[in-house]
>>> print(open('structure-v7.tsv').read())   # TSV, C-alpha atoms
chain	number	residue	atom	x	y	z
B	1	LEU	CA	186.46	75.33	-94.95
B	2	GLY	CA	188.95	72.61	-94.86
B	3	ARG	CA	189.89	70.33	-97.62
B	4	VAL	CA	187.39	67.53	-98.40
B	5	THR	CA	189.03	64.18	-98.85
B	6	THR	CA	187.87	61.61	-101.36
B	7	ARG	CA	186.68	59.44	-98.53
B	8	ALA	CA	184.62	62.27	-96.95
B	9	ALA	CA	183.11	63.14	-100.35
B	10	SER	CA	182.06	59.52	-100.85
B	11	VAL	CA	180.42	59.45	-97.43
B	12	LEU	CA	178.55	62.72	-98.17
B	13	ARG	CA	177.32	61.40	-101.54
B	14	ALA	CA	176.13	58.12	-99.97
B	15	THR	CA	174.35	60.01	-97.19
B	16	ALA	CA	172.63	62.33	-99.69
B	17	LEU	CA	171.59	59.38	-101.83
B	18	ALA	CA	170.19	57.49	-98.83
B	19	GLY	CA	168.29	60.58	-97.66
B	20	THR	CA	166.79	61.12	-101.12
B	21	ALA	CA	165.71	57.48	-101.30
B	22	LEU	CA	164.03	57.75	-97.89
B	23	LEU	CA	162.18	60.93	-98.89
B	24	VAL	CA	160.97	59.51	-102.19
B	25	SER	CA	159.83	56.20	-100.69
B	26	GLY	CA	157.97	58.04	-97.93
B	27	CYS	CA	155.56	59.65	-100.42
B	28	ALA	CA	153.44	56.50	-100.53
B	29	VAL	CA	153.04	56.49	-96.74
B	30	PHE	CA	150.56	59.37	-96.93
B	31	SER	CA	148.68	58.13	-100.02
B	32	PRO	CA	145.61	55.96	-99.36
B	33	MET	CA	145.56	52.51	-100.89
B	34	GLN	CA	143.17	52.50	-103.88
B	35	THR	CA	141.73	49.15	-102.79
B	36	ASP	CA	140.41	50.80	-99.61
B	37	TYR	CA	137.61	52.48	-101.60
B	38	ASP	CA	134.77	51.09	-103.70
B	39	ALA	CA	134.82	52.26	-107.29
B	40	GLU	CA	132.18	51.94	-110.00
B	41	THR	CA	134.23	50.41	-112.79
B	42	ALA	CA	131.30	49.77	-115.11
B	43	ASP	CA	129.04	51.94	-117.25
B	44	GLY	CA	126.16	51.74	-114.77
B	45	VAL	CA	125.64	52.14	-111.05
B	46	ARG	CA	125.12	49.74	-108.16
B	47	LEU	CA	122.04	49.53	-105.98
B	48	THR	CA	121.85	47.19	-103.02
B	49	ILE	CA	118.41	46.77	-101.45
B	50	VAL	CA	116.87	44.24	-99.09
B	51	GLY	CA	116.96	40.85	-100.83
B	52	LEU	CA	118.59	42.05	-104.06
B	53	ASP	CA	121.85	43.42	-105.40
B	54	LEU	CA	121.68	45.31	-108.72
B	55	ARG	CA	124.99	45.77	-110.53
B	56	ASN	CA	125.88	47.99	-113.51
B	57	LEU	CA	122.36	49.44	-113.70
B	58	ALA	CA	121.80	51.75	-116.70
B	59	VAL	CA	119.40	52.35	-119.61
B	60	VAL	CA	120.41	51.93	-123.26
B	61	VAL	CA	118.33	53.91	-125.78
B	62	PRO	CA	118.90	55.05	-129.38
B	63	ALA	CA	117.33	58.52	-128.89
B	64	LYS	CA	115.13	60.59	-126.59
B	65	GLY	CA	111.54	59.32	-126.50
B	66	GLU	CA	112.45	55.82	-127.72
B	67	THR	CA	112.11	52.52	-125.85
B	68	GLY	CA	115.03	51.88	-123.53
B	69	ILE	CA	116.59	48.60	-122.44
B	70	VAL	CA	117.58	48.32	-118.78
B	71	ILE	CA	121.02	46.73	-118.50
B	72	GLY	CA	122.79	45.25	-115.54
B	73	GLN	CA	122.57	42.18	-113.39
B	74	ALA	CA	120.15	41.40	-110.57
B	75	VAL	CA	121.54	39.04	-107.93
B	76	ASN	CA	119.07	37.33	-105.63
B	77	ASN	CA	120.73	35.46	-102.76
B	78	GLY	CA	117.38	34.72	-101.12
B	79	THR	CA	115.39	31.49	-101.04
B	80	SER	CA	112.42	32.81	-103.03
B	81	ALA	CA	111.99	34.60	-106.36
B	82	VAL	CA	111.75	38.40	-106.33
B	83	ASP	CA	109.59	40.49	-108.69
B	84	VAL	CA	111.38	43.75	-109.49
B	85	THR	CA	109.68	46.75	-111.08
B	86	PHE	CA	111.76	49.39	-112.89
B	87	ALA	CA	110.14	52.79	-113.48
B	88	VAL	CA	111.86	55.76	-115.12
B	89	ASP	CA	110.74	59.24	-114.05
B	90	GLY	CA	108.85	60.72	-117.01
B	91	ALA	CA	108.35	57.43	-118.86
B	92	PRO	CA	104.74	56.26	-119.18
B	93	THR	CA	105.09	52.55	-118.37
B	94	PRO	CA	107.25	50.65	-115.87
B	95	ALA	CA	108.63	47.15	-116.50
B	96	THR	CA	108.66	44.16	-114.18
B	97	VAL	CA	110.98	41.16	-114.19
B	98	ALA	CA	111.20	38.08	-111.96
B	99	VAL	CA	114.59	37.19	-110.51
B	100	PRO	CA	114.74	33.51	-109.47
B	101	ALA	CA	115.95	32.50	-106.02
B	102	ASN	CA	119.70	32.00	-105.53
B	103	SER	CA	120.59	33.37	-108.94
B	104	GLY	CA	121.93	36.22	-110.97
B	105	LYS	CA	119.79	37.45	-113.85
B	106	THR	CA	121.07	39.55	-116.74
B	107	LEU	CA	118.46	42.26	-117.22
B	108	SER	CA	119.12	42.70	-120.94
B	109	ASP	CA	119.03	39.06	-122.02
B	110	ALA	CA	117.31	38.19	-125.30
B	111	ALA	CA	114.69	35.94	-123.70
B	112	GLY	CA	113.21	38.52	-121.33
B	113	GLY	CA	114.92	41.87	-121.45
B	114	VAL	CA	113.55	44.77	-119.42
B	115	GLU	CA	112.12	47.38	-121.82
B	116	ILE	CA	110.78	50.79	-120.79
B	117	PRO	CA	109.06	52.85	-123.52
B	118	GLY	CA	109.37	56.62	-123.80
B	119	ILE	CA	112.70	57.35	-122.10
B	120	PRO	CA	112.42	61.14	-121.57
B	121	VAL	CA	116.11	62.05	-122.00
B	122	ALA	CA	118.74	61.58	-124.69
B	123	PRO	CA	121.77	59.31	-124.34
B	124	GLY	CA	124.48	60.96	-122.27
B	125	ALA	CA	122.10	62.20	-119.58
B	126	MET	CA	121.13	60.76	-116.22
B	127	VAL	CA	117.60	59.69	-115.36
B	128	GLN	CA	115.85	58.97	-112.08
B	129	MET	CA	114.83	55.31	-111.80
B	130	THR	CA	112.63	53.80	-109.11
B	131	VAL	CA	113.33	50.15	-108.34
B	132	THR	CA	110.52	48.48	-106.39
B	133	THR	CA	110.19	45.07	-104.71
B	134	ASP	CA	107.64	43.83	-102.17
B	135	GLU	CA	110.33	43.37	-99.52
B	136	ALA	CA	112.36	46.55	-100.07
B	137	GLY	CA	109.63	48.94	-101.27
B	138	ALA	CA	110.51	51.81	-103.64
B	139	ASN	CA	114.17	52.80	-104.02
B	140	VAL	CA	115.27	55.75	-106.15
B	141	VAL	CA	118.60	55.85	-107.98
B	142	GLN	CA	120.14	58.06	-110.69
B	143	VAL	CA	121.25	55.92	-113.65
B	144	PRO	CA	123.10	56.85	-116.84
B	145	VAL	CA	121.36	56.75	-120.21
B	146	LEU	CA	123.69	55.21	-122.79
B	147	PRO	CA	123.49	55.13	-126.61
B	148	ASN	CA	123.05	51.77	-128.31
B	149	THR	CA	126.44	51.97	-130.03
B	150	GLY	CA	129.66	50.03	-129.59
B	151	TYR	CA	129.14	46.94	-127.48
B	152	TYR	CA	125.52	48.00	-126.87
B	153	SER	CA	124.71	48.13	-130.61
B	154	ASP	CA	122.78	44.84	-130.50
B	155	LEU	CA	120.44	46.13	-127.75
B	156	THR	CA	117.26	47.21	-129.47
B	157	ALA	CA	113.68	47.06	-128.29
B	158	ALA	CA	111.57	44.12	-129.49
B	159	SER	CA	108.54	46.33	-130.10
>>> encode(input="structure-v7.tsv", output="structure tokens")
Amino acid sequence: LGRVTTRAASVLRATALAGTALLVSGCAVFSPMQTDYDAETADGVRLTIVGLDLRNLAVVVPAKGETGIVIGQAVNNGTSAVDVTFAVDGAPTPATVAVPANSGKTLSDAAGGVEIPGIPVAPGAMVQMTVTTDEAGANVVQVPVLPNTGYYSDLTAAS
């Protein structure tokens, strides 16, 4: 090998640095953008049916066998009110709530929360819920069962 001059060494270092920068910046080319995919960023799940969009759907209950409160929001973009029935697999009684036309209704509000007695699983489990409307029929979804602690501590059954 011949002698490397200061100028040649500087050119080699600059070339190596440029090559490294190109390799490192190219890593993101093969990574998908996170905004390309829907993500459930809430405690509950989403269910979209004909005439209704249910967001953050879950059940809050203090213990297995107790009365649970359905949480989430029902969004009705239609021109007429929708009656929605929530039934939990293994619970004795379903609950029905009316969602006014062109509105969003919080399912756990103090004035008319959705209560289902006898939730058959403990908090931390998943339960099968059937959501029924006249227009969409019966729709089955797996929802989480959450404890009434933390920001759910004020959710207790009226009965």
>>> residues_around(input="structure-v7.tsv", residues="stretch 91-107 of chain B", least_positions_apart="4", cutoff="6 Å", atoms="only C-alpha atoms", output="VMD selection string")
chain B and resid 71 to 87 113 to 114 118 to 119
>>> closest_residue(input="structure-v7.tsv", among="B:Ala9, B:Leu23, B:Val59, B:Leu52", to="B:Met129", atoms="all atoms listed in the file")
B:Val59
>>> closest_residue(input="structure-v7.tsv", among="B:Gly150, B:Pro62, B:Gly137, B:Gly68", to="B:Pro117", atoms="all atoms listed in the file")
B:Gly68
>>> atom_distance(input="structure-v7.tsv", atom1="atom CA of B:Asn139", atom2="atom CA of B:Leu54")
11.6 Å
>>> atom_distance(input="structure-v7.tsv", atom1="atom CA of B:Val143", atom2="atom CA of B:Pro123")
11.2 Å
>>> closest_residue(input="structure-v7.tsv", among="B:Val121, B:Ala58, B:Ala16, B:Val11", to="B:Val141", atoms="all atoms listed in the file")
B:Ala58
>>> atom_distance(input="structure-v7.tsv", atom1="atom CA of B:Thr5", atom2="atom CA of B:Val24")
28.6 Å
>>> closest_residue(input="structure-v7.tsv", among="B:Ala157, B:Ile49, B:Ala63, B:Ala14", to="B:Ala125", atoms="all atoms listed in the file")
B:Ala63
>>> residues_around(input="structure-v7.tsv", residues="B:Val45", least_positions_apart="4", cutoff="8 Å", atoms="all atoms listed in the file", output="list in words")
Glu40, Arg55, Asn56, Leu57, Ala58, Val143 and Pro144 of chain B
>>> closest_residue(input="structure-v7.tsv", among="B:Leu12, B:Ile116, B:Gln142, B:Leu17", to="B:Ile69", atoms="all atoms listed in the file")
B:Ile116
